[in-house]
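Asks: Compact mmCIF, C-alpha atoms, file structure01.txt:
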```txt
# COMPACT_ATOMS: atom_id res chain seq x y z
CA MET A 8 104.30 52.09 80.29
CA SER A 9 103.24 54.56 77.65
CA GLU A 10 101.60 51.80 75.55
CA GLN A 11 99.57 50.82 78.59
CA LEU A 12 98.53 54.45 79.11
CA LYS A 13 97.55 54.79 75.47
CA THR A 14 95.32 51.73 75.80
CA GLU A 15 93.80 53.15 78.98
CA ILE A 16 93.11 56.51 77.28
CA ALA A 17 91.62 54.84 74.20
CA ALA A 18 89.26 52.82 76.45
CA GLU A 19 88.17 55.93 78.38
CA VAL A 20 87.58 57.88 75.18
CA ALA A 21 85.58 55.00 73.69
CA ALA A 22 83.46 54.58 76.84
CA ASN A 23 82.29 58.21 77.03
CA LYS A 24 80.54 60.24 74.33
CA ILE A 25 81.90 63.39 75.95
CA LEU A 26 85.12 63.06 77.90
CA VAL A 27 87.08 65.84 79.58
CA TYR A 28 90.62 65.33 80.82
CA GLY A 29 91.09 68.03 83.41
CA LYS A 30 92.48 69.13 86.72
CA GLY A 31 90.23 67.94 89.54
CA THR A 32 86.90 66.16 89.37
CA LYS A 33 83.45 67.14 88.12
CA THR A 34 82.30 68.04 91.64
CA ALA A 35 85.63 69.50 92.77
CA PRO A 36 87.45 71.05 89.82
CA ARG A 37 90.87 72.39 90.73
CA CYS A 38 91.47 74.72 87.82
CA GLY A 39 89.45 77.60 86.43
CA PHE A 40 89.54 76.26 82.87
CA THR A 41 88.34 72.82 83.99
CA LEU A 42 85.45 74.45 85.88
CA GLU A 43 84.64 76.55 82.80
CA THR A 44 84.53 73.39 80.66
CA ILE A 45 82.23 71.59 83.14
CA GLN A 46 79.86 74.59 83.17
CA PHE A 47 80.00 74.68 79.38
CA PHE A 48 78.81 71.07 79.09
CA ASP A 49 76.31 71.38 81.97
CA HIS A 50 74.55 73.94 79.82
CA PHE A 51 74.16 71.47 76.93
CA GLY A 52 72.54 68.81 79.11
CA TYR A 53 74.25 65.79 77.61
CA PRO A 54 76.01 63.35 79.94
CA PHE A 55 79.78 63.81 80.18
CA GLU A 56 82.63 62.49 82.24
CA VAL A 57 85.68 64.23 83.72
CA VAL A 58 88.91 62.33 84.29
CA ASP A 59 91.27 63.96 86.76
CA VAL A 60 94.86 63.84 85.53
CA LEU A 61 96.24 66.67 87.66
CA GLU A 62 98.65 64.41 89.55
CA ASN A 63 99.25 61.92 86.75
CA MET A 64 102.20 63.41 84.86
CA PRO A 65 102.95 60.29 82.73
CA LYS A 66 99.36 60.21 81.49
CA ARG A 67 99.41 63.97 80.80
CA GLU A 68 102.57 63.45 78.73
CA VAL A 69 100.96 60.69 76.66
CA LEU A 70 97.79 62.74 76.19
CA ALA A 71 99.82 65.75 75.01
CA GLU A 72 101.68 63.58 72.51
CA MET A 73 98.52 61.91 71.22
CA THR A 74 96.70 65.20 70.65
CA ASN A 75 99.56 67.59 69.88
CA TRP A 76 97.96 69.77 72.55
CA PRO A 77 100.01 70.61 75.65
CA THR A 78 97.36 72.09 77.97
CA LEU A 79 94.47 70.82 80.07
CA PRO A 80 91.55 70.48 79.83
CA LYS A 81 91.30 68.32 76.74
CA VAL A 82 87.90 67.41 75.35
CA PHE A 83 86.96 64.35 73.29
CA ILE A 84 83.52 64.00 71.69
CA ASP A 85 82.55 60.69 70.11
CA GLY A 86 86.20 59.64 70.04
CA LYS A 87 87.42 62.79 68.32
CA PHE A 88 89.64 65.44 69.90
CA TYR A 89 88.17 68.95 70.08
CA GLY A 90 90.75 70.87 72.14
CA ASP A 91 89.19 73.10 74.80
CA THR A 92 86.55 75.80 75.15
CA ASP A 93 88.63 78.17 72.98
CA ILE A 94 87.61 75.81 70.14
CA LEU A 95 84.24 74.64 71.47
CA GLY A 96 82.97 78.17 72.26
CA PRO A 97 83.17 79.39 68.64
CA MET A 98 81.81 76.00 67.48
CA ALA A 99 78.79 76.45 69.77
CA GLN A 100 78.25 79.95 68.44
CA ASN A 101 78.11 78.88 64.81
CA GLY A 102 76.01 75.79 65.57
CA GLU A 103 78.66 73.25 64.56
CA LEU A 104 78.95 71.81 68.06
CA GLN A 105 75.20 71.24 68.37
CA THR A 106 75.38 69.13 65.19
CA VAL A 107 78.36 67.17 66.50
CA LEU A 108 76.56 66.49 69.80
CA ARG A 109 73.27 65.54 68.13
CA GLU A 110 75.11 63.07 65.91
CA ALA A 111 77.15 61.70 68.83
CA PHE A 112 74.04 61.06 70.91
CA GLY A 113 71.82 59.96 68.05
CA GLY A 114 69.48 62.90 68.59
CA GLU A 115 67.81 61.33 71.63
CA ALA A 116 68.88 63.76 74.34
CA GLN A 117 67.33 67.19 74.73
CA THR A 118 69.56 70.14 75.41
CA LYS A 119 68.75 72.45 78.29
CA ALA A 120 69.31 75.54 76.20
CA THR A 121 65.65 75.81 75.14
CA ILE A 122 64.32 76.05 78.71
CA ASN A 123 66.59 78.89 79.73
CA LEU A 124 64.12 81.78 80.05
CA HIS A 125 66.48 84.43 81.38
CA MET B 25 107.12 83.37 84.36
CA ILE B 26 107.77 84.95 81.01
CA ASP B 27 107.43 88.51 79.78
CA ASN B 28 105.09 89.39 76.92
CA ASP B 29 107.91 90.11 74.46
CA SER B 30 109.60 86.75 75.04
CA LEU B 31 106.27 84.97 74.69
CA ALA B 32 105.55 86.76 71.40
CA ALA B 33 109.08 85.90 70.21
CA LEU B 34 108.46 82.19 70.86
CA ILE B 35 105.34 82.32 68.71
CA ARG B 36 107.10 84.24 65.94
CA ARG B 37 109.90 81.69 65.85
CA ASP B 38 107.37 79.20 64.40
CA LEU B 39 105.06 81.74 62.74
CA PRO B 40 107.34 84.58 61.55
CA ASP B 41 104.51 86.72 60.14
CA ALA B 42 102.41 86.47 63.29
CA GLN B 43 100.87 89.55 64.85
CA VAL B 44 100.63 88.72 68.52
CA GLU B 45 98.58 90.44 71.20
CA ILE B 46 99.17 89.34 74.77
CA VAL B 47 97.34 90.20 77.97
CA ASP B 48 98.69 89.06 81.32
CA ARG B 49 95.41 87.94 82.92
CA THR B 50 96.52 87.68 86.50
CA GLY B 51 99.55 89.99 86.75
CA THR B 52 101.68 86.96 87.58
CA MET B 53 103.23 86.60 84.09
CA ASP B 54 102.09 83.00 83.64
CA HIS B 55 98.35 83.16 82.73
CA PHE B 56 97.81 84.85 79.40
CA ASN B 57 95.22 85.82 76.87
CA VAL B 58 96.92 85.44 73.51
CA THR B 59 95.59 86.51 70.14
CA VAL B 60 97.59 85.46 67.09
CA ARG B 61 96.99 86.62 63.55
CA SER B 62 98.91 84.86 60.79
CA ARG B 63 98.71 83.92 57.12
CA SER B 64 99.83 80.40 58.08
CA PHE B 65 96.33 79.75 59.49
CA ALA B 66 94.67 80.04 56.08
CA GLY B 67 92.95 76.81 55.05
CA ARG B 68 93.39 75.21 58.47
CA THR B 69 90.70 74.29 60.97
CA LEU B 70 90.54 76.17 64.25
CA ILE B 71 92.00 73.20 66.08
CA GLU B 72 94.93 73.00 63.63
CA GLN B 73 95.54 76.74 64.06
CA HIS B 74 95.69 76.33 67.82
CA GLN B 75 97.98 73.31 67.47
CA LEU B 76 100.43 75.47 65.49
CA VAL B 77 100.59 78.03 68.30
CA TYR B 78 100.78 75.39 71.02
CA GLY B 79 103.61 73.74 69.11
CA ALA B 80 105.54 77.00 69.45
CA LEU B 81 104.73 77.26 73.17
CA ARG B 82 105.32 73.63 74.00
CA GLY B 83 108.64 74.16 75.78
CA ALA B 84 107.39 77.11 77.82
CA LEU B 85 104.27 75.19 78.89
CA LYS B 86 106.25 72.11 79.74
CA ASP B 87 108.86 73.81 81.92
CA GLY B 88 106.19 75.89 83.69
CA ARG B 89 107.11 79.37 82.42
CA VAL B 90 103.55 79.48 81.08
CA HIS B 91 100.72 77.89 83.11
CA ALA B 92 97.64 78.73 81.10
CA VAL B 93 96.75 80.32 77.80
CA GLU B 94 93.42 81.46 76.53
CA LEU B 95 94.05 81.44 72.82
CA LYS B 96 92.41 83.12 69.87
CA THR B 97 93.65 82.66 66.33
CA LEU B 98 92.76 84.72 63.27
CA VAL B 99 93.73 84.37 59.63
CA SER B 100 95.42 87.53 58.41
CA GLU B 101 94.66 88.85 54.95
CA GLY B 102 97.10 88.88 52.05
```
Rewrite the structure from the file as structure tokens, please.

Replies:
Amino acid sequence: MSEQLKTEIAAEVAANKILVYGKGTKTAPRCGFTLETIQFFDHFGYPFEVVDVLENMPKREVLAEMTNWPTLPKVFIDGKFYGDTDILGPMAQNGELQTVLREAFGGEAQTKATINLH
Amino acid sequence: MIDNDSLAALIRRDLPDAQVEIVDRTGTMDHFNVTVRSRSFAGRTLIEQHQLVYGALRGALKDGRVHAVELKTLVSEG
């Protein structure tokens, strides 16, 4: 069971440059932190996927073991685990995240940050 | 539910030198803002620092005493 889940998680992580395991979906988040994470990545303008694991306790267990991180959401970028916005926020502030994203997407995508005039 | 002192004690069990500040975000004693300052964080990445704290809170998160934590870690001097 858990081996099967690990394989499933590895495939999901490999298939998405930015992957968020959260509570609820992208259009209907069911947790404030998941919503916050979706808004965070909306701002960057790169494509990302949200996998809802709210009701999937076995998968949440396996994810927690794999990452040594007990809470949701959990964010993976380019196959690497980055925790949540408590980690990504400071990384965005010091510019580290922008570098990670640029490298993950090969520099082709434009971020939305530059057109925010407010 | 867990009170602030018990939550801080859980963190100090793994990080004995930790200075812990806790704010109950919702007044329901299960959603917290937690700031931890410890020498143990020196030389570790932010994610490793958070993993140390989450390791200490694992049981309380798993059994539902704590639902959500907004965490901030700082390296203390000396």

Asks: Considering all atoms listed in the file, can you say which of B:Met25, B:Leu98, B:Thr69, B:His91 comes closest to His55 (chain B)?

Replies: B:His91

Asks: Please indicate the distance in Å from CA of Thr44 (chain A) to CA of Asp91 (chain A), rounded to one decimal place.

Replies: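 Pair CA of Thr44 (chain A) / CA of Asp91 (chain A) returns 7.5 Å.
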
Asks: Just how far from CA of Phe55 (chain A) is CA of Asn23 (chain A), in Å to one decimal?

Replies: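 Rounded to one decimal, the two atoms are 6.9 Å apart.
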
Asks: Go through chain A residue by residue and, counting all atoms listed in the file, keep those with an atom at most 10 Å from chain B; for each kept residue give the shortest atom pair and its distance in Å to one decimal, ordered by chain and increasing number, as JSON lines.

Replies:
```
{"residue": "A:Cys38", "atom": "CA", "partner": "B:Ala92", "partner_atom": "CA", "distance": 10.0}
{"residue": "A:Gly39", "atom": "CA", "partner": "B:Ala92", "partner_atom": "CA", "distance": 9.8}
{"residue": "A:Phe40", "atom": "CA", "partner": "B:Ala92", "partner_atom": "CA", "distance": 8.7}
{"residue": "A:Glu68", "atom": "CA", "partner": "B:Lys86", "partner_atom": "CA", "distance": 9.5}
{"residue": "A:Ala71", "atom": "CA", "partner": "B:Arg82", "partner_atom": "CA", "distance": 9.7}
{"residue": "A:Thr74", "atom": "CA", "partner": "B:Gln75", "partner_atom": "CA", "distance": 8.8}
{"residue": "A:Asn75", "atom": "CA", "partner": "B:Gln75", "partner_atom": "CA", "distance": 6.4}
{"residue": "A:Trp76", "atom": "CA", "partner": "B:Gln75", "partner_atom": "CA", "distance": 6.2}
{"residue": "A:Pro77", "atom": "CA", "partner": "B:Arg82", "partner_atom": "CA", "distance": 6.3}
{"residue": "A:Thr78", "atom": "CA", "partner": "B:Ala92", "partner_atom": "CA", "distance": 7.3}
{"residue": "A:Leu79", "atom": "CA", "partner": "B:Ala92", "partner_atom": "CA", "distance": 8.6}
{"residue": "A:Phe88", "atom": "CA", "partner": "B:Ile71", "partner_atom": "CA", "distance": 9.0}
{"residue": "A:Tyr89", "atom": "CA", "partner": "B:Ile71", "partner_atom": "CA", "distance": 7.0}
{"residue": "A:Gly90", "atom": "CA", "partner": "B:Ile71", "partner_atom": "CA", "distance": 6.6}
{"residue": "A:Asp91", "atom": "CA", "partner": "B:Ile71", "partner_atom": "CA", "distance": 9.2}
{"residue": "A:Thr92", "atom": "CA", "partner": "B:Glu94", "partner_atom": "CA", "distance": 9.0}
{"residue": "A:Asp93", "atom": "CA", "partner": "B:Leu95", "partner_atom": "CA", "distance": 6.3}
{"residue": "A:Ile94", "atom": "CA", "partner": "B:Ile71", "partner_atom": "CA", "distance": 6.5}
{"residue": "A:Leu95", "atom": "CA", "partner": "B:Ile71", "partner_atom": "CA", "distance": 9.6}
{"residue": "A:Pro97", "atom": "CA", "partner": "B:Leu70", "partner_atom": "CA", "distance": 9.2}
{"residue": "A:Met98", "atom": "CA", "partner": "B:Leu70", "partner_atom": "CA", "distance": 9.3}
```

Asks: What would the file look like if the residues just selected were written as a short mmCIF file (atom, residue, chain, number, x, y, z; two decimals), keeping the file's coordinate frame with C-alpha atoms?

Replies:
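Output contents, as saved in result_4.cif:
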```cif
data_model
loop_
_atom_site.label_atom_id
_atom_site.label_comp_id
_atom_site.auth_asym_id
_atom_site.auth_seq_id
_atom_site.Cartn_x
_atom_site.Cartn_y
_atom_site.Cartn_z
CA CYS A 38 91.47 74.72 87.82
CA GLY A 39 89.45 77.60 86.43
CA PHE A 40 89.54 76.26 82.87
CA GLU A 68 102.57 63.45 78.73
CA ALA A 71 99.82 65.75 75.01
CA THR A 74 96.70 65.20 70.65
CA ASN A 75 99.56 67.59 69.88
CA TRP A 76 97.96 69.77 72.55
CA PRO A 77 100.01 70.61 75.65
CA THR A 78 97.36 72.09 77.97
CA LEU A 79 94.47 70.82 80.07
CA PHE A 88 89.64 65.44 69.90
CA TYR A 89 88.17 68.95 70.08
CA GLY A 90 90.75 70.87 72.14
CA ASP A 91 89.19 73.10 74.80
CA THR A 92 86.55 75.80 75.15
CA ASP A 93 88.63 78.17 72.98
CA ILE A 94 87.61 75.81 70.14
CA LEU A 95 84.24 74.64 71.47
CA PRO A 97 83.17 79.39 68.64
CA MET A 98 81.81 76.00 67.48
#
```

Asks: Which one of B:Asn28, B:Thr50, B:Asp41, B:Ile35 sits closest to Ser62 (chain B) if you count only C-alpha atoms?

Replies: B:Asp41

Asks: Given the choices B:Asp27, B:Ala32, B:Leu39, B:Asp48, which gets closest to Ser64 (chain B) if the distance is worked out from all atoms listed in the file?

Replies: B:Leu39

Asks: To box region 70-84 of chain B, take all atoms listed in the file, fit an axis-aligned box, add 8 Å on each side, and give centre and edge lengths in Å to one decimal, as JSON.

Replies:
```
{"center_x": 99.6, "center_y": 75.5, "center_z": 70.7, "size_x": 34.1, "size_y": 21.0, "size_z": 30.2}
```

Asks: Would you compute the distance between CA of Ala80 (chain B) and CA of Gly67 (chain B)? Give it in Å to one decimal.

Replies: 19.1 Å

Asks: From the list A:Gly96, A:Gly29, A:Gly102, A:Gly86, which residue is nearest Ala17 (chain A) when using all atoms listed in the file?

Replies: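 Residue with the minimum atom-to-atom distance to Ala17 (chain A): A:Gly86.
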
Asks: For Val60 (chain A), find every residue with an atom within 9 Å (counting all atoms listed in the file), except residues of its own chain fewer than 5 positions away, and show them as a ChimeraX atom specification.

Replies: /A:28-31,66-67,79

Asks: Counting only C-alpha atoms, which residue out of A:Val69, A:Val107, A:Ile84, A:Leu61 sits closest to Ser9 (chain A)?

Replies: A:Val69

Asks: Considering only C-alpha atoms, can you say which of B:Ala84, B:Ile26, B:Ala66, B:Leu31 comes closest to Thr52 (chain B)?

Replies: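 Between B:Ala84, B:Ile26, B:Ala66, B:Leu31, the residue approaching Thr52 (chain B) most closely is B:Ile26.
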
Asks: Could you pull out every residue with an atom within 7 Å of (98.2, 85.3, 69.1), file coordinates, counting all atoms listed in the file, and send them as a list in words?

Replies: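 These residues have at least one counted atom within 7 Å: Gln43, Val44, Glu45, Val58, Thr59, Val60, Arg61, Leu95, Lys96 and Thr97 of chain B.
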